[in-house]
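Here is the file data.txt (compact mmCIF, C-alpha atoms).
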# COMPACT_ATOMS: atom_id res chain seq x y z
CA MET X 1 -114.21 69.44 -29.40
CA VAL X 2 -111.09 69.18 -31.58
CA ILE X 3 -108.58 72.00 -31.27
CA SER X 4 -106.83 73.06 -34.46
CA TYR X 5 -103.41 74.06 -33.21
CA ILE X 6 -102.45 75.28 -36.68
CA LYS X 7 -105.21 77.92 -36.60
CA THR X 8 -104.84 78.58 -32.86
CA TYR X 9 -101.14 79.36 -33.24
CA LEU X 10 -101.76 81.42 -36.37
CA ASP X 11 -104.25 83.50 -34.35
CA SER X 12 -101.69 83.75 -31.54
CA LEU X 13 -98.94 85.01 -33.85
CA GLU X 14 -101.32 87.65 -35.22
CA LYS X 15 -102.38 88.70 -31.73
CA ALA X 16 -98.74 88.84 -30.51
CA LEU X 17 -97.81 91.20 -33.37
CA GLU X 18 -100.93 93.35 -32.89
CA ILE X 19 -100.51 93.69 -29.11
CA ASN X 20 -96.79 94.47 -29.46
CA ARG X 21 -97.14 96.67 -32.58
CA LYS X 22 -95.89 99.78 -30.77
CA ASN X 23 -92.89 98.04 -29.16
CA LEU X 24 -91.93 96.52 -32.52
CA ASN X 25 -92.30 99.85 -34.33
CA ILE X 26 -94.78 98.36 -36.79
CA PRO X 27 -96.44 101.32 -38.50
CA GLU X 28 -100.14 101.77 -37.74
CA GLU X 29 -100.92 101.77 -41.47
CA MET X 30 -99.31 98.33 -41.87
CA ALA X 31 -102.04 95.70 -42.00
CA ILE X 32 -101.39 92.38 -40.27
CA GLU X 33 -103.36 89.66 -42.04
CA LYS X 34 -103.79 85.90 -41.69
CA VAL X 35 -104.17 84.20 -45.05
CA PHE X 36 -104.68 80.71 -46.44
CA VAL X 37 -103.96 81.26 -50.14
CA LYS X 38 -101.57 79.68 -52.58
CA GLU X 39 -98.14 81.18 -53.12
CA HIS X 40 -98.88 82.57 -56.61
CA SER X 41 -101.74 84.57 -55.10
CA TYR X 42 -99.21 86.44 -52.97
CA GLU X 43 -97.37 87.49 -56.11
CA GLU X 44 -100.59 88.71 -57.70
CA ARG X 45 -101.60 90.60 -54.55
CA ILE X 46 -98.25 92.36 -54.38
CA LYS X 47 -98.15 93.15 -58.10
CA ASN X 48 -101.72 94.49 -58.05
CA LYS X 49 -101.70 96.13 -54.60
CA ASP X 50 -101.86 99.72 -55.78
CA LYS X 51 -104.29 98.93 -58.60
CA ASP X 52 -106.83 97.42 -56.22
CA GLY X 53 -106.67 100.39 -53.88
CA GLU X 54 -105.17 98.22 -51.14
CA GLN X 55 -102.25 99.47 -49.15
CA ILE X 56 -98.66 98.40 -48.89
CA PRO X 57 -97.07 97.99 -46.33
CA PHE X 58 -98.48 94.78 -44.87
CA ILE X 59 -97.55 91.67 -42.91
CA LEU X 60 -99.03 88.34 -43.98
CA LEU X 61 -99.12 85.32 -41.68
CA ARG X 62 -99.58 81.89 -43.21
CA PRO X 63 -99.18 78.31 -42.00
CA LEU X 64 -96.92 76.21 -44.20
CA ASN X 65 -95.93 72.60 -43.62
CA GLY X 66 -96.01 70.55 -40.46
CA GLU X 67 -93.61 67.82 -39.41
CA GLN X 68 -93.77 64.93 -36.99
CA LYS X 69 -90.68 63.11 -35.74
CA TYR X 70 -89.96 60.26 -33.40
CA GLU X 71 -86.40 60.49 -32.09
CA ASN X 72 -84.75 58.79 -29.13
CA GLY X 73 -88.08 57.64 -27.75
CA ARG X 74 -89.61 61.13 -27.96
CA HIS X 75 -92.43 62.21 -30.22
CA LYS X 76 -92.14 65.77 -31.55
CA LYS X 77 -94.46 67.75 -33.80
CA THR X 78 -93.76 71.19 -35.32
CA GLN X 79 -95.65 73.55 -37.61
CA LYS X 80 -93.86 76.04 -39.87
CA TYR X 81 -95.31 79.54 -40.33
CA LEU X 82 -94.45 82.22 -42.84
CA ILE X 83 -94.37 85.86 -41.74
CA ARG X 84 -94.13 87.93 -44.94
CA ILE X 85 -93.32 91.63 -44.67
CA ALA X 86 -93.96 93.92 -47.65
CA VAL X 87 -93.00 97.59 -47.76
CA LYS X 88 -92.97 100.17 -50.52
CA GLU X 89 -89.88 102.34 -50.77
CA GLU X 90 -88.45 104.00 -53.87
CA ASN X 91 -84.93 104.38 -52.50
CA LEU X 92 -83.04 101.06 -52.77
CA GLU X 93 -80.98 101.47 -49.64
CA ALA X 94 -83.95 102.66 -47.56
CA GLY X 95 -86.17 99.84 -48.88
CA TYR X 96 -83.68 97.17 -47.95
CA SER X 97 -82.98 98.82 -44.62
CA ASN X 98 -86.65 99.33 -43.64
CA SER X 99 -87.74 95.81 -44.53
CA SER X 100 -84.73 94.09 -42.96
CA HIS X 101 -84.92 96.14 -39.74
CA LEU X 102 -88.60 95.28 -39.29
CA ALA X 103 -87.79 91.59 -39.87
CA ASP X 104 -84.98 91.83 -37.31
CA ARG X 105 -87.30 93.42 -34.72
CA ILE X 106 -89.92 90.69 -35.21
CA ILE X 107 -87.30 87.93 -34.99
CA SER X 108 -85.82 89.53 -31.89
CA PHE X 109 -89.26 89.76 -30.28
CA PHE X 110 -89.99 86.06 -30.82
CA THR X 111 -86.44 85.08 -29.80
CA HIS X 112 -86.80 86.94 -26.50
CA ASN X 113 -90.40 85.74 -26.04
CA PRO X 114 -90.36 82.13 -27.28
CA LEU X 115 -93.09 80.99 -24.91
CA ALA X 116 -96.41 82.71 -24.41
CA THR X 117 -99.33 81.54 -22.30
CA GLN X 118 -103.01 82.38 -22.58
CA LYS X 119 -103.20 83.36 -18.91
CA GLU X 120 -100.22 85.72 -18.95
CA ASN X 121 -100.23 87.05 -22.53
CA GLY X 122 -103.74 86.50 -23.86
CA TYR X 123 -102.37 84.15 -26.55
CA ASN X 124 -100.22 81.04 -26.51
CA TYR X 125 -97.40 79.49 -28.52
CA HIS X 126 -94.04 77.79 -28.09
CA ILE X 127 -91.40 78.77 -30.65
CA ASN X 128 -88.67 76.35 -31.65
CA LEU X 129 -85.69 78.73 -31.41
CA GLY X 130 -83.38 76.47 -33.39
CA SER X 131 -85.28 77.04 -36.61
CA ILE X 132 -85.98 80.74 -37.25
CA LYS X 133 -84.93 81.70 -40.78
CA ASN X 134 -85.35 84.89 -42.77
CA GLU X 135 -84.48 86.18 -46.22
CA LEU X 136 -85.24 88.85 -48.75
CA ASN X 137 -87.73 87.29 -51.17
CA LEU X 138 -86.00 88.02 -54.47
CA ASP X 139 -88.92 86.63 -56.52
CA LEU X 140 -91.36 89.20 -55.11
CA THR X 141 -88.99 92.10 -54.46
CA GLY X 142 -88.71 94.54 -57.33
CA GLY X 143 -89.14 98.17 -58.24
CA ASP X 144 -90.40 100.01 -55.18
CA TYR X 145 -91.57 96.85 -53.37
CA TRP X 146 -89.52 95.02 -50.75
CA VAL X 147 -90.64 91.63 -49.45
CA TRP X 148 -88.95 89.92 -46.52
CA ASP X 149 -89.86 86.39 -45.40
CA ILE X 150 -89.46 84.96 -41.91
CA LEU X 151 -89.92 81.23 -41.40
CA ILE X 152 -90.62 80.19 -37.85
CA ASP X 153 -91.39 76.76 -36.34
CA LEU X 154 -93.78 76.34 -33.46
CA ASP X 155 -93.86 73.23 -31.30
CA VAL X 156 -97.33 71.70 -31.48
CA PRO X 157 -98.76 69.39 -28.80
CA VAL X 158 -98.85 65.76 -29.88
CA LEU X 159 -102.40 64.48 -29.55
For this file, write the structure as structure tokens.
Amino acid sequence: MVISYIKTYLDSLEKALEINRKNLNIPEEMAIEKVFVKEHSYEERIKNKDKDGEQIPFILLRPLNGEQKYENGRHKKTQKYLIRIAVKEENLEAGYSNSSHLADRIISFFTHNPLATQKENGYNYHINLGSIKNELNLDLTGGDYWVWDILIDLDVPVL
């Protein structure tokens, strides 16, 4: 049986956020979803969220690109994941503050818990701490909608 580490780690990131929802102060009404859609579909989902009867806020988890390197006699493989946070807030200052604070809490959680094991945590991953990035997504942020992106690399076993 072939193990898809890309999907396994995506499931693990989702499970880590769900299990630690209360500690991270992620609102109960905020959906945490794994998705495998193209980038323009995110824009359409956010623009049409209220029209479709779906709810904002939400967190989307998506695998992006993988990378394999061979340096100094060592083989290393990483997989990049996007954690996209979307909140709705009419007040500019509150919108920026709410979205950035949630991103900070998620980054802090993964920074303080870079290694999880199936036996101890119920999910597994190994985060590459030298590569966590985050930013306000200016292309998708507008009006009452605030979108914050976190890019995180996970070390993947080399098969």
Pick from X:Gly142, X:Pro27, X:Ile127, X:Glu93, whichever lies nearest to Lys77 in chain X using all atoms listed in the file: X:Ile127
Of the residues X:Ile150, X:Val35, X:Val158, X:Leu92, which is the one nearest to Asp104 in chain X, using all atoms listed in the file?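 Among X:Ile150, X:Val35, X:Val158, X:Leu92, it is X:Ile150 that comes nearest to Asp104 in chain X.
What separates CA of Ala16 in chain X from CA of Ser131 in chain X is a distance of 18.9 Å.
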Expected answer as a count of residues only: all residues with atoms within 7 Å of (-96.1, 83.3, -41.8), all atoms listed in the file: 10
So, counting only C-alpha atoms, which residue among X:Arg105, X:Lys119, X:His126, X:Lys34 is closest to Asn20 in chain X?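 Of X:Arg105, X:Lys119, X:His126, X:Lys34, the one nearest Asn20 in chain X, counting only C-alpha atoms, is X:Arg105.
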Can you tell me which residues surround Asn128 in chain X at a distance of at most 12 Å, considering all atoms listed in the file, apart from same-chain residues fewer than 4 positions away, and format the answer as a ChimeraX atom specification? /X:76-81,110-115,132-133,151-156
List every protein, DNA or RNA residue that has an atom no more than 6 Å from (-91.3, 98.1, -51.7) in the file's coordinate frame, counting all atoms listed in the file, and report them as number ranges by chain. X: 87-89, 144-146
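Nearest-residue note for Gly143 in chain X: choosing from X:Ser108, X:Asn121, X:Asn91, X:Ser100, the minimum distance belongs to X:Asn91, counting all atoms listed in the file.
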Quick one: distance from CA of Ala103 in chain X to CA of Ile19 in chain X in Å, one decimal? 16.8 Å
Computed gap from CA of Leu129 in chain X to CA of Leu24 in chain X is 18.9 Å
Judged by all atoms listed in the file, the minimum distance to Tyr5 in chain X among X:Gly66, X:Asn72, X:Asn134, X:Thr141 is found for X:Gly66
So which one's closest to Lys7 in chain X, X:Trp148, X:Met30, X:Asn23, X:Asn124? Using all atoms listed in the file, please.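 Once distances to Lys7 in chain X are computed over all atoms listed in the file, the minimum belongs to X:Asn124.
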